[in-house]
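*Asks:* One file: entry.cif (mmCIF, C-alpha atoms (C1' of nucleotides)).
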data_entry
#
loop_
_atom_site.label_atom_id
_atom_site.label_comp_id
_atom_site.auth_asym_id
_atom_site.auth_seq_id
_atom_site.Cartn_x
_atom_site.Cartn_y
_atom_site.Cartn_z
CA MET A 24 149.02 116.10 85.04
CA PRO A 25 149.65 113.86 82.07
CA LYS A 26 147.82 110.85 83.49
CA SER A 27 144.55 112.42 84.60
CA SER A 28 142.07 110.00 86.09
CA SER A 29 139.05 112.28 85.69
CA PRO A 30 136.12 110.19 84.48
CA ALA A 31 135.32 111.96 81.24
CA ALA A 32 138.79 113.13 80.22
CA ALA A 33 138.86 113.56 76.48
CA ARG A 34 142.46 112.40 76.15
CA ALA A 35 142.33 109.45 78.50
CA PRO A 36 143.47 106.07 77.18
CA THR A 37 141.03 104.65 74.67
CA ALA A 38 140.06 101.77 76.95
CA THR A 39 139.10 104.27 79.64
CA ARG A 40 137.09 106.39 77.24
CA ILE A 41 135.26 103.27 76.08
CA LEU A 42 134.46 102.37 79.67
CA ASP A 43 133.21 105.88 80.42
CA VAL A 44 130.80 105.94 77.49
CA ALA A 45 129.69 102.34 78.02
CA GLU A 46 129.12 103.00 81.71
CA ARG A 47 126.77 105.87 81.00
CA LEU A 48 124.89 103.84 78.39
CA LEU A 49 124.62 100.90 80.77
CA GLN A 50 123.33 103.06 83.62
CA THR A 51 120.71 104.74 81.44
CA ARG A 52 119.67 102.07 78.92
CA GLY A 53 120.65 98.73 80.46
CA TYR A 54 122.94 95.95 79.26
CA ASN A 55 120.46 94.86 76.59
CA GLY A 56 119.71 98.45 75.62
CA PHE A 57 123.01 99.53 74.10
CA SER A 58 125.35 98.14 71.45
CA TYR A 59 128.95 98.38 70.32
CA ALA A 60 127.64 100.56 67.51
CA ASP A 61 126.37 103.11 70.04
CA ILE A 62 129.76 103.37 71.72
CA ALA A 63 131.65 103.44 68.44
CA GLU A 64 129.57 106.27 67.04
CA GLU A 65 129.98 108.38 70.16
CA LEU A 66 133.76 107.94 70.25
CA GLY A 67 134.25 108.24 66.50
CA ILE A 68 135.91 104.85 66.14
CA THR A 69 134.74 101.59 64.60
CA LYS A 70 133.16 98.55 66.19
CA ALA A 71 136.21 96.52 65.23
CA SER A 72 138.40 98.82 67.31
CA LEU A 73 136.15 98.28 70.29
CA HIS A 74 136.60 94.54 69.97
CA HIS A 75 140.36 95.07 70.13
CA HIS A 76 140.00 96.53 73.63
CA PHE A 77 137.13 94.37 74.83
CA ALA A 78 136.87 91.17 72.83
CA THR A 79 133.27 90.43 73.72
CA LYS A 80 130.38 92.38 75.21
CA ALA A 81 130.55 90.06 78.21
CA ASP A 82 134.17 91.15 78.75
CA LEU A 83 133.16 94.79 78.53
CA GLY A 84 130.30 94.20 80.96
CA SER A 85 132.55 92.48 83.47
CA ALA A 86 135.10 95.29 83.24
CA LEU A 87 132.36 97.83 83.88
CA VAL A 88 131.08 96.10 87.01
CA ARG A 89 134.64 95.58 88.25
CA ARG A 90 135.54 99.25 87.90
CA TYR A 91 132.25 100.38 89.42
CA ALA A 92 132.60 98.07 92.42
CA GLU A 93 136.21 99.16 92.96
CA GLN A 94 135.25 102.83 92.94
CA PHE A 95 132.47 102.08 95.39
CA THR A 96 134.87 100.26 97.70
CA VAL A 97 137.21 103.22 97.64
CA ALA A 98 134.34 105.57 98.46
CA LEU A 99 133.29 103.43 101.42
CA GLN A 100 136.84 103.35 102.73
CA ALA A 101 136.97 107.13 102.44
CA ILE A 102 133.79 107.40 104.48
CA ASP A 103 135.16 105.05 107.13
CA ALA A 104 138.36 107.06 107.30
CA SER A 105 136.74 110.47 107.66
CA ALA A 106 133.22 110.22 109.04
CA PRO A 107 133.25 109.90 112.82
CA SER A 108 129.63 109.20 113.65
CA ALA A 109 127.49 106.35 112.39
CA LEU A 110 124.82 108.77 111.26
CA GLY A 111 127.46 110.77 109.40
CA LYS A 112 128.54 107.62 107.60
CA LEU A 113 125.00 106.77 106.57
CA GLU A 114 124.39 110.30 105.37
CA ARG A 115 127.48 110.18 103.21
CA TYR A 116 126.44 106.77 101.93
CA VAL A 117 123.12 108.27 100.86
CA GLN A 118 125.01 111.06 99.10
CA LEU A 119 126.82 108.48 96.96
CA TYR A 120 123.47 107.35 95.61
CA GLU A 121 122.14 110.88 95.31
CA GLN A 122 125.02 111.81 93.03
CA VAL A 123 124.07 108.96 90.70
CA VAL A 124 120.46 110.16 90.61
CA ARG A 125 121.60 113.72 89.86
CA GLY A 126 123.56 112.34 86.92
CA GLU A 127 120.26 110.99 85.59
CA ARG A 128 121.51 107.43 85.94
CA LEU A 129 120.68 104.31 87.88
CA CYS A 130 123.06 102.40 90.11
CA LEU A 131 124.98 100.24 87.66
CA CYS A 132 124.41 97.11 89.72
CA GLY A 133 120.77 97.98 90.36
CA MET A 134 120.22 98.16 86.62
CA LEU A 135 122.00 94.84 86.14
CA ALA A 136 120.02 93.25 88.97
CA ALA A 137 116.89 93.85 86.91
CA GLU A 138 118.44 92.23 83.84
CA TYR A 139 120.11 89.54 85.92
CA GLY A 140 118.52 86.56 84.16
CA THR A 141 119.91 87.63 80.78
CA LEU A 142 123.50 88.28 81.89
CA PRO A 143 126.63 86.16 81.42
CA ARG A 144 127.52 84.18 84.52
CA PRO A 145 130.66 86.13 85.48
CA MET A 146 128.67 89.34 85.64
CA GLN A 147 126.02 87.65 87.76
CA GLU A 148 128.57 86.70 90.38
CA GLN A 149 130.04 90.20 90.44
CA ILE A 150 126.62 91.72 91.05
CA ARG A 151 125.88 89.48 94.01
CA LYS A 152 129.22 90.35 95.56
CA PHE A 153 128.50 94.05 95.15
CA PHE A 154 125.25 93.83 97.08
CA ASP A 155 126.73 91.58 99.74
CA ALA A 156 129.55 94.07 100.31
CA ASN A 157 127.11 96.96 100.59
CA GLU A 158 124.91 95.09 103.02
CA THR A 159 127.90 94.17 105.17
CA TRP A 160 129.19 97.74 105.26
CA LEU A 161 125.76 99.13 106.14
CA ALA A 162 125.21 96.57 108.88
CA ALA A 163 128.57 97.48 110.43
CA ALA A 164 127.73 101.20 110.37
CA ILE A 165 124.35 100.49 111.94
CA GLU A 166 125.93 98.33 114.65
CA GLN A 167 128.29 101.17 115.41
CA GLY A 168 125.37 103.58 115.68
CA ARG A 169 123.73 101.37 118.24
CA ARG A 170 126.80 101.11 120.41
CA THR A 171 126.97 104.91 120.46
CA ALA A 172 123.17 105.15 120.93
CA GLU A 173 122.89 107.33 117.83
CA LEU A 174 120.47 104.91 116.19
CA ARG A 175 117.43 103.06 117.38
CA GLY A 176 118.16 99.59 118.71
CA ARG A 177 115.15 97.74 117.36
CA GLY A 178 115.49 94.82 114.98
CA ALA A 179 118.51 93.03 113.55
CA ALA A 180 121.20 95.23 112.01
CA THR A 181 121.16 93.09 108.87
CA ASP A 182 117.45 93.75 108.40
CA LEU A 183 117.95 97.48 108.75
CA ALA A 184 120.87 97.33 106.31
CA ARG A 185 118.69 95.57 103.78
CA MET A 186 115.95 98.09 104.37
CA LEU A 187 118.28 101.01 103.75
CA LEU A 188 119.88 99.45 100.69
CA GLY A 189 116.40 98.70 99.39
CA VAL A 190 115.17 102.26 99.88
CA LEU A 191 118.12 103.75 98.05
CA GLU A 192 118.02 101.34 95.12
CA GLY A 193 114.25 101.46 94.89
CA ALA A 194 113.79 105.21 95.32
CA MET A 195 116.43 105.71 92.64
CA LEU A 196 114.55 103.33 90.37
CA VAL A 197 111.19 105.05 90.90
CA ALA A 198 112.65 108.55 90.58
CA HIS A 199 114.23 107.69 87.23
CA PRO A 200 111.11 107.85 85.01
CA PHE A 201 110.25 111.24 86.53
CA ASN A 202 113.80 112.54 86.36
CA ASP A 203 113.00 114.03 89.75
CA VAL A 204 115.71 114.00 92.40
CA ARG A 205 113.20 114.90 95.11
CA ARG A 206 111.48 111.56 94.70
CA PHE A 207 114.77 110.06 95.78
CA THR A 208 115.79 112.51 98.48
CA SER A 209 112.44 112.54 100.27
CA ALA A 210 112.43 108.74 100.48
CA ALA A 211 116.04 108.61 101.65
CA ARG A 212 115.45 111.31 104.25
CA ALA A 213 112.41 109.48 105.63
CA ALA A 214 114.37 106.24 105.88
CA LEU A 215 117.26 107.87 107.75
CA ALA A 216 114.87 109.68 110.06
CA GLY A 217 113.29 106.34 110.98
CA LEU A 218 116.69 105.02 112.04
CA VAL A 219 117.64 107.88 114.31
CA ALA A 220 117.17 107.35 118.02
CA THR A 221 114.10 109.19 119.30
CA PRO A 222 114.57 110.68 122.77
CA MET B 23 83.14 78.02 84.41
CA PRO B 24 83.63 78.39 80.68
CA LYS B 25 85.28 81.79 80.88
CA SER B 26 87.87 81.18 83.54
CA SER B 27 90.01 84.15 84.33
CA SER B 28 92.79 82.18 86.03
CA PRO B 29 96.13 83.61 84.94
CA ALA B 30 97.70 80.55 83.37
CA ALA B 31 94.64 78.70 82.07
CA ALA B 32 95.71 76.45 79.23
CA ARG B 33 92.52 77.05 77.25
CA ALA B 34 92.18 80.77 77.76
CA PRO B 35 91.83 82.96 74.67
CA THR B 36 95.02 83.15 72.67
CA ALA B 37 95.47 86.85 73.38
CA THR B 38 95.34 86.10 77.11
CA ARG B 39 97.82 83.25 76.84
CA ILE B 40 100.16 85.52 74.92
CA LEU B 41 99.89 88.15 77.63
CA ASP B 42 100.54 85.57 80.36
CA VAL B 43 103.73 84.30 78.76
CA ALA B 44 104.92 87.76 77.76
CA GLU B 45 104.26 89.07 81.25
CA ARG B 46 106.45 86.44 82.83
CA LEU B 47 109.21 87.05 80.28
CA LEU B 48 108.98 90.79 80.85
CA GLN B 49 109.16 90.45 84.63
CA THR B 50 112.16 88.13 84.49
CA ARG B 51 114.16 89.30 81.46
CA GLY B 52 113.02 92.86 80.77
CA TYR B 53 111.46 94.47 77.70
CA ASN B 54 114.72 94.32 75.76
CA GLY B 55 115.44 90.80 76.98
CA PHE B 56 112.69 88.81 75.26
CA SER B 57 111.43 88.52 71.69
CA TYR B 58 108.34 87.44 69.78
CA ALA B 59 110.27 84.25 68.98
CA ASP B 60 110.46 83.41 72.70
CA ILE B 61 106.70 83.74 73.13
CA ALA B 62 105.93 81.89 69.91
CA GLU B 63 108.09 78.92 70.84
CA GLU B 64 106.56 78.61 74.29
CA LEU B 65 102.99 78.72 72.97
CA GLY B 66 103.68 76.58 69.90
CA ILE B 67 102.49 79.18 67.43
CA THR B 68 104.35 81.33 64.91
CA LYS B 69 105.64 84.86 65.24
CA ALA B 70 103.24 85.91 62.48
CA SER B 71 100.30 84.77 64.61
CA LEU B 72 101.55 86.90 67.46
CA HIS B 73 101.54 89.94 65.22
CA HIS B 74 97.88 89.23 64.44
CA HIS B 75 97.00 89.73 68.12
CA PHE B 76 99.55 92.46 68.93
CA ALA B 77 100.66 94.26 65.79
CA THR B 78 103.89 95.63 67.28
CA LYS B 79 105.97 94.94 70.33
CA ALA B 80 105.09 98.41 71.57
CA ASP B 81 101.40 97.43 71.44
CA LEU B 82 102.12 94.26 73.38
CA GLY B 83 104.11 96.20 75.94
CA SER B 84 101.36 98.75 76.44
CA ALA B 85 98.77 95.99 76.84
CA LEU B 86 100.96 94.33 79.47
CA VAL B 87 101.33 97.47 81.54
CA ARG B 88 97.62 98.25 81.19
CA ARG B 89 96.57 94.82 82.44
CA TYR B 90 99.13 94.85 85.25
CA ALA B 91 98.06 98.30 86.45
CA GLU B 92 94.37 97.33 86.31
CA GLN B 93 94.98 94.22 88.40
CA PHE B 94 96.92 96.30 90.87
CA THR B 95 94.09 98.81 91.12
CA VAL B 96 91.63 96.01 91.81
CA ALA B 97 93.89 94.62 94.51
CA LEU B 98 94.17 98.02 96.19
CA GLN B 99 90.39 98.43 96.14
CA ALA B 100 90.03 94.99 97.71
CA ILE B 101 92.40 96.03 100.48
CA ASP B 102 90.47 99.24 101.07
CA ALA B 103 87.22 97.30 101.21
CA SER B 104 88.35 94.67 103.67
CA ALA B 105 91.29 95.84 105.74
CA PRO B 106 90.13 97.96 108.64
CA SER B 107 93.33 99.30 110.11
CA ALA B 108 96.00 101.34 108.36
CA LEU B 109 98.66 98.91 109.46
CA GLY B 110 96.56 96.04 108.10
CA LYS B 111 96.37 97.81 104.75
CA LEU B 112 100.12 98.35 104.59
CA GLU B 113 100.78 94.73 105.53
CA ARG B 114 98.53 93.52 102.78
CA TYR B 115 100.20 95.94 100.38
CA VAL B 116 103.53 94.40 101.27
CA GLN B 117 102.08 90.95 100.62
CA LEU B 118 101.24 91.99 97.05
CA TYR B 119 104.93 92.59 96.44
CA GLU B 120 105.99 89.49 98.35
CA GLN B 121 103.89 87.31 96.04
CA VAL B 122 105.75 88.74 93.06
CA VAL B 123 109.09 87.94 94.70
CA ARG B 124 107.97 84.40 95.48
CA GLY B 125 107.13 83.99 91.80
CA GLU B 126 110.79 84.79 91.07
CA ARG B 127 109.79 87.93 89.22
CA LEU B 128 110.23 91.67 89.53
CA CYS B 129 107.45 94.22 89.65
CA LEU B 130 106.58 94.72 86.01
CA CYS B 131 106.74 98.50 86.32
CA GLY B 132 109.91 98.36 88.40
CA MET B 133 111.58 96.42 85.61
CA LEU B 134 110.32 98.90 83.04
CA ALA B 135 111.45 101.84 85.17
CA ALA B 136 115.00 100.56 84.75
CA GLU B 137 114.64 100.33 80.98
CA TYR B 138 112.62 103.55 80.84
CA GLY B 139 114.92 105.38 78.42
CA THR B 140 114.58 102.69 75.76
CA LEU B 141 110.78 102.35 75.87
CA PRO B 142 108.14 103.70 73.47
CA ARG B 143 106.49 106.87 74.75
CA PRO B 144 103.05 105.39 75.52
CA MET B 145 104.63 102.85 77.85
CA GLN B 146 106.62 105.59 79.55
CA GLU B 147 103.47 107.49 80.44
CA GLN B 148 101.75 104.36 81.75
CA ILE B 149 104.68 103.64 84.05
CA ARG B 150 104.66 107.09 85.59
CA LYS B 151 100.92 106.82 86.24
CA PHE B 152 101.42 103.46 87.96
CA PHE B 153 103.93 104.87 90.43
CA ASP B 154 101.89 108.01 91.04
CA ALA B 155 98.84 105.90 91.85
CA ASN B 156 100.82 103.74 94.26
CA GLU B 157 102.29 106.74 95.99
CA THR B 158 98.88 108.35 96.36
CA TRP B 159 97.32 105.18 97.79
CA LEU B 160 100.18 104.69 100.25
CA ALA B 161 100.06 108.30 101.39
CA ALA B 162 96.32 107.98 102.06
CA ALA B 163 96.82 104.80 104.10
CA ILE B 164 99.59 106.47 106.09
CA GLU B 165 97.45 109.53 106.73
CA GLN B 166 94.72 107.24 108.04
CA GLY B 167 97.20 105.52 110.33
CA ARG B 168 98.14 108.85 111.84
CA ARG B 169 94.59 109.86 112.54
CA THR B 170 94.10 106.58 114.38
CA ALA B 171 97.52 106.93 116.05
CA GLU B 172 98.57 103.53 114.69
CA LEU B 173 101.57 105.04 112.92
CA ARG B 174 104.25 107.48 113.92
CA GLY B 175 103.44 111.07 113.09
CA ARG B 176 106.86 112.25 112.00
CA GLY B 177 107.51 113.60 108.53
CA ALA B 178 105.25 114.21 105.54
CA ALA B 179 102.99 111.32 104.54
CA THR B 180 104.20 111.65 100.95
CA ASP B 181 107.80 111.17 102.04
CA LEU B 182 106.89 108.05 104.00
CA ALA B 183 104.90 106.74 101.03
CA ARG B 184 107.92 107.22 98.78
CA MET B 185 110.10 105.54 101.35
CA LEU B 186 107.85 102.51 101.56
CA LEU B 187 107.42 102.23 97.80
CA GLY B 188 111.18 102.51 97.46
CA VAL B 189 111.88 99.79 99.99
CA LEU B 190 109.53 97.35 98.32
CA GLU B 191 110.75 98.01 94.77
CA GLY B 192 114.39 98.10 95.82
CA ALA B 193 114.37 95.11 98.15
CA MET B 194 112.65 93.14 95.40
CA LEU B 195 115.35 94.26 92.98
CA VAL B 196 118.21 93.31 95.29
CA ALA B 197 116.63 89.98 96.30
CA HIS B 198 116.26 88.97 92.67
CA PRO B 199 119.89 87.99 91.91
CA PHE B 200 119.94 85.87 95.07
CA ASN B 201 116.50 84.36 94.47
CA ASP B 202 116.09 84.80 98.21
CA VAL B 203 112.71 85.89 99.51
CA ARG B 204 114.17 86.66 102.93
CA ARG B 205 116.22 89.51 101.50
CA PHE B 206 112.89 91.05 100.61
CA THR B 207 110.87 90.17 103.69
CA SER B 208 113.49 91.30 106.20
CA ALA B 209 113.75 94.70 104.52
CA ALA B 210 109.98 95.08 104.28
CA ARG B 211 109.50 94.07 107.91
CA ALA B 212 112.10 96.57 109.09
CA ALA B 213 110.44 99.34 107.08
CA LEU B 214 106.99 98.63 108.50
CA ALA B 215 108.37 98.38 112.02
CA GLY B 216 109.87 101.83 111.62
CA LEU B 217 106.43 103.25 110.79
CA VAL B 218 104.57 101.78 113.74
CA ALA B 219 103.90 104.11 116.64
CA THR B 220 106.25 103.38 119.55
CA PRO B 221 104.57 103.70 122.95
"C1'" DG C 24 93.48 82.94 63.15
"C1'" DT C 25 97.09 80.43 61.68
"C1'" DC C 26 100.45 79.38 58.54
"C1'" DT C 27 104.96 79.84 55.09
"C1'" DA C 28 108.10 82.82 53.31
"C1'" DT C 29 110.64 86.74 53.33
"C1'" DA C 30 112.01 91.46 53.75
"C1'" DG C 31 115.23 94.86 55.86
"C1'" DG C 32 117.90 96.00 59.60
"C1'" DC C 33 120.94 95.56 63.42
"C1'" DA C 34 123.36 92.59 66.72
"C1'" DG C 35 128.00 90.67 68.17
"C1'" DA C 36 132.02 89.07 66.25
"C1'" DT C 37 136.16 87.96 62.93
"C1'" DA C 38 139.83 88.30 59.11
"C1'" DG C 39 143.29 90.66 57.51
"C1'" DA C 40 145.40 95.09 55.49
"C1'" DC C 41 147.73 99.24 57.05
"C1'" DG D 21 145.46 100.25 67.36
"C1'" DT D 22 142.60 101.37 63.84
"C1'" DC D 23 140.59 100.47 59.68
"C1'" DT D 24 137.38 98.06 55.69
"C1'" DA D 25 134.80 94.33 54.66
"C1'" DT D 26 132.20 90.62 55.80
"C1'" DC D 27 129.81 86.75 58.29
"C1'" DT D 28 126.12 84.70 60.72
"C1'" DG D 29 122.28 85.04 63.32
"C1'" DC D 30 118.42 87.18 65.38
"C1'" DC D 31 115.26 90.99 65.52
"C1'" DT D 32 110.58 93.24 64.31
"C1'" DA D 33 107.42 93.31 60.85
"C1'" DT D 34 104.73 92.25 56.44
"C1'" DA D 35 102.53 89.77 52.32
"C1'" DG D 36 99.58 86.61 51.09
"C1'" DA D 37 97.79 81.58 50.96
"C1'" DC D 38 94.74 78.52 53.56
#
What is this structure when it is put down as structure tokens?

*Replies:*
Amino acid sequence: MPKSSSPAAARAPTATRILDVAERLLQTRGYNGFSYADIAEELGITKASLHHHFATKADLGSALVRRYAEQFTVALQAIDASAPSALGKLERYVQLYEQVVRGERLCLCGMLAAEYGTLPRPMQEQIRKFFDANETWLAAAIEQGRRTAELRGRGAATDLARMLLGVLEGAMLVAHPFNDVRRFTSAARAALAGLVATP
Amino acid sequence: MPKSSSPAAARAPTATRILDVAERLLQTRGYNGFSYADIAEELGITKASLHHHFATKADLGSALVRRYAEQFTVALQAIDASAPSALGKLERYVQLYEQVVRGERLCLCGMLAAEYGTLPRPMQEQIRKFFDANETWLAAAIEQGRRTAELRGRGAATDLARMLLGVLEGAMLVAHPFNDVRRFTSAARAALAGLVATP
DNA sequence: GTCTATAGGCAGATAGAC
DNA sequence: GTCTATCTGCCTATAGAC
């Protein structure tokens, strides 16, 4: 497989390796918490070489959000294609977040939401679209769950979608300083349990 | 009232005015997103004067978290002293967060949780204590609500406390890029509704 | 307590050789 | 595509006069 697309492939194209390192730095230290020097040192190249691939830090940031959002879209499509039940979809959605927590990272867009006021405008628009897309997908899954009577029918689906998105982003945020996955999983489990129809 | 303790008093002691400006900058731009120059310009004093009151940025950061956590503790005690029902306590707890959202800010410790990996060690410890204290208070309120049968009895109180803390921190985080209080309130309302005992 | 002046370092970014 | 060298500007922090 000459053109491996594995995330941390050592012999991937330089642009990809830059994105991989920058993504980890962004998800652990924030946009204002890492520099071109950090990436350059880790990859063993110079800052000037980085600027050849991504002219400005704003360009690099936009590329990072774009790739992250695309991967997320693909993951959601995979869930839609394979998970039959609404509850199954929501459980797999939670697993997407849990994997990020296990990697000792934050959601890339959650991190950037915190720093929102300091970001270049193109990145700001990308972040809003990411959350809108997540909310829409969650609301659709919740609507489905109501039609099949898997989920409780109380309240607007949009409100429940926002609640679920909030739990996952927030529990991830709070678990981060403790580096404790259980802080995330227990919150996520409680939120899902509250959605399930009670006989 | 010569010694007013109002947050933005124009004639408050200089140290207090510094903390007020720095707090707003921290809650909107993050620890790595503001500088002594920003504070100095806004107050019309020099950076050197700032260093007289807070020798290092780490000192300023610690003082900010300390004050924020103290004010939060006072607010929780006020709720305990005046709110009779468990649901009333939780609703007033939600209002604490809602006020922050209306001020177009993030929770100070939520912001710092995102930047956790870049912070000086003393601040890191303060942040963990803040979340532990919140979780403990919420779990106690939820336990009370079960004894009085106000709240649903399913799941561990700690899990529900983490869920609620997560919703509030996360919904605040997601609402921030949209500057839309409803994104917060609808999520918070849905979370509370899921806790209430259903007859 | 506030100022001027400045140190020393790191940030993002560019020019131009190879 | 990568390098060396450099620029400009901002950062935190300090020395010392008033």

*Asks:* How would you write, as a PyMOL selection string, the residues chosen by the PyMOL selection byres ((chain D) within 12 of (chain A)) on this structure?

*Replies:* chain D and resi 21-26

*Asks:* Let me see the file: selected residues, C-alpha atoms (C1' of nucleotides), as a PDB file, in the frame of the given file.

*Replies:*
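Saved to result.pdb:
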ATOM      1  C1'  DG D  21     145.460 100.250  67.360  1.00  0.00           C
ATOM      2  C1'  DT D  22     142.600 101.370  63.840  1.00  0.00           C
ATOM      3  C1'  DC D  23     140.590 100.470  59.680  1.00  0.00           C
ATOM      4  C1'  DT D  24     137.380  98.060  55.690  1.00  0.00           C
ATOM      5  C1'  DA D  25     134.800  94.330  54.660  1.00  0.00           C
ATOM      6  C1'  DT D  26     132.200  90.620  55.800  1.00  0.00           C
TER       7       DT D  26
END

*Asks:* Record the distance separating CA of Ile165 in chain A and CA of Leu187 in chain B, expressed in Å with one decimal.

*Replies:*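 Answer for the CA of Ile165 in chain A to CA of Leu187 in chain B separation: 22.1 Å.
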
*Asks:* Give me the residues of chain C that have any atom at most 8 Å from an atom of chain A; for each, the nearest atom pair and the distance in Å, rounded to one decimal. Use only C-alpha atoms (C1' of nucleotides), sort by chain and number, and format it as a Markdown table.

*Replies:*
| residue | atom | partner | partner_atom | distance |
| --- | --- | --- | --- | --- |
| C:DA34 | C1' | A:Ser58 | CA | 7.6 |
| C:DG35 | C1' | A:Lys80 | CA | 7.6 |
| C:DA36 | C1' | A:Thr79 | CA | 7.7 |

*Asks:* Determine the residue membership of the PyMOL selection byres ((chain A) within 9 of (chain B)) for the file above and supply it as a PDB file with C-alpha atoms, in the frame of the given file.

*Replies:*
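File written: part_32.pdb
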ATOM      1  CA  GLN A  50     123.330 103.060  83.620  1.00  0.00           C
ATOM      2  CA  THR A  51     120.710 104.740  81.440  1.00  0.00           C
ATOM      3  CA  ARG A  52     119.670 102.070  78.920  1.00  0.00           C
ATOM      4  CA  GLY A  53     120.650  98.730  80.460  1.00  0.00           C
ATOM      5  CA  ASN A  55     120.460  94.860  76.590  1.00  0.00           C
ATOM      6  CA  GLY A  56     119.710  98.450  75.620  1.00  0.00           C
ATOM      7  CA  LEU A 129     120.680 104.310  87.880  1.00  0.00           C
ATOM      8  CA  GLY A 133     120.770  97.980  90.360  1.00  0.00           C
ATOM      9  CA  MET A 134     120.220  98.160  86.620  1.00  0.00           C
ATOM     10  CA  ALA A 136     120.020  93.250  88.970  1.00  0.00           C
ATOM     11  CA  ALA A 137     116.890  93.850  86.910  1.00  0.00           C
ATOM     12  CA  GLU A 138     118.440  92.230  83.840  1.00  0.00           C
ATOM     13  CA  TYR A 139     120.110  89.540  85.920  1.00  0.00           C
ATOM     14  CA  GLY A 140     118.520  86.560  84.160  1.00  0.00           C
ATOM     15  CA  THR A 141     119.910  87.630  80.780  1.00  0.00           C
ATOM     16  CA  GLN A 147     126.020  87.650  87.760  1.00  0.00           C
ATOM     17  CA  GLU A 148     128.570  86.700  90.380  1.00  0.00           C
ATOM     18  CA  ILE A 150     126.620  91.720  91.050  1.00  0.00           C
ATOM     19  CA  ARG A 151     125.880  89.480  94.010  1.00  0.00           C
ATOM     20  CA  PHE A 154     125.250  93.830  97.080  1.00  0.00           C
ATOM     21  CA  ARG A 177     115.150  97.740 117.360  1.00  0.00           C
ATOM     22  CA  GLY A 178     115.490  94.820 114.980  1.00  0.00           C
ATOM     23  CA  ALA A 179     118.510  93.030 113.550  1.00  0.00           C
ATOM     24  CA  THR A 181     121.160  93.090 108.870  1.00  0.00           C
ATOM     25  CA  ASP A 182     117.450  93.750 108.400  1.00  0.00           C
ATOM     26  CA  LEU A 183     117.950  97.480 108.750  1.00  0.00           C
ATOM     27  CA  ALA A 184     120.870  97.330 106.310  1.00  0.00           C
ATOM     28  CA  ARG A 185     118.690  95.570 103.780  1.00  0.00           C
ATOM     29  CA  MET A 186     115.950  98.090 104.370  1.00  0.00           C
ATOM     30  CA  LEU A 187     118.280 101.010 103.750  1.00  0.00           C
ATOM     31  CA  LEU A 188     119.880  99.450 100.690  1.00  0.00           C
ATOM     32  CA  GLY A 189     116.400  98.700  99.390  1.00  0.00           C
ATOM     33  CA  VAL A 190     115.170 102.260  99.880  1.00  0.00           C
ATOM     34  CA  LEU A 191     118.120 103.750  98.050  1.00  0.00           C
ATOM     35  CA  GLU A 192     118.020 101.340  95.120  1.00  0.00           C
ATOM     36  CA  GLY A 193     114.250 101.460  94.890  1.00  0.00           C
ATOM     37  CA  ALA A 194     113.790 105.210  95.320  1.00  0.00           C
ATOM     38  CA  MET A 195     116.430 105.710  92.640  1.00  0.00           C
ATOM     39  CA  LEU A 196     114.550 103.330  90.370  1.00  0.00           C
ATOM     40  CA  VAL A 197     111.190 105.050  90.900  1.00  0.00           C
ATOM     41  CA  ALA A 198     112.650 108.550  90.580  1.00  0.00           C
ATOM     42  CA  HIS A 199     114.230 107.690  87.230  1.00  0.00           C
ATOM     43  CA  PRO A 200     111.110 107.850  85.010  1.00  0.00           C
ATOM     44  CA  PHE A 201     110.250 111.240  86.530  1.00  0.00           C
ATOM     45  CA  ARG A 206     111.480 111.560  94.700  1.00  0.00           C
ATOM     46  CA  PHE A 207     114.770 110.060  95.780  1.00  0.00           C
ATOM     47  CA  THR A 208     115.790 112.510  98.480  1.00  0.00           C
ATOM     48  CA  SER A 209     112.440 112.540 100.270  1.00  0.00           C
ATOM     49  CA  ALA A 210     112.430 108.740 100.480  1.00  0.00           C
ATOM     50  CA  ALA A 211     116.040 108.610 101.650  1.00  0.00           C
ATOM     51  CA  ARG A 212     115.450 111.310 104.250  1.00  0.00           C
ATOM     52  CA  ALA A 213     112.410 109.480 105.630  1.00  0.00           C
ATOM     53  CA  ALA A 214     114.370 106.240 105.880  1.00  0.00           C
ATOM     54  CA  ALA A 216     114.870 109.680 110.060  1.00  0.00           C
ATOM     55  CA  GLY A 217     113.290 106.340 110.980  1.00  0.00           C
ATOM     56  CA  LEU A 218     116.690 105.020 112.040  1.00  0.00           C
TER      57      LEU A 218
END

*Asks:* Could you check how far CA of Ala104 in chain A sits from CA of Tyr120 in chain A, in Å to one decimal?

*Replies:* 18.9 Å

*Asks:* Separation of CA of Met145 in chain B and CA of Met146 in chain A, in Å?

*Replies:*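 Taking CA of Met145 in chain B and CA of Met146 in chain A, their separation equals 28.7 Å.
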
*Asks:* I need the residue set behind the PyMOL selection byres ((chain A and resi 111) around 12) for this file; please write it as an NGL selection string.

*Replies:* :A and (102-110 or 112-118 or 164-165 or 167-168 or 173-174 or 215 or 219)

*Asks:* Would you please work out which residue, of B:Arg46, B:Phe76, B:Pro142, B:Phe94, is nearest to DA33 in chain D when using only C-alpha atoms (C1' of nucleotides)?

*Replies:*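 Ranked by minimum distance to DA33 in chain D, first place goes to B:Phe76.
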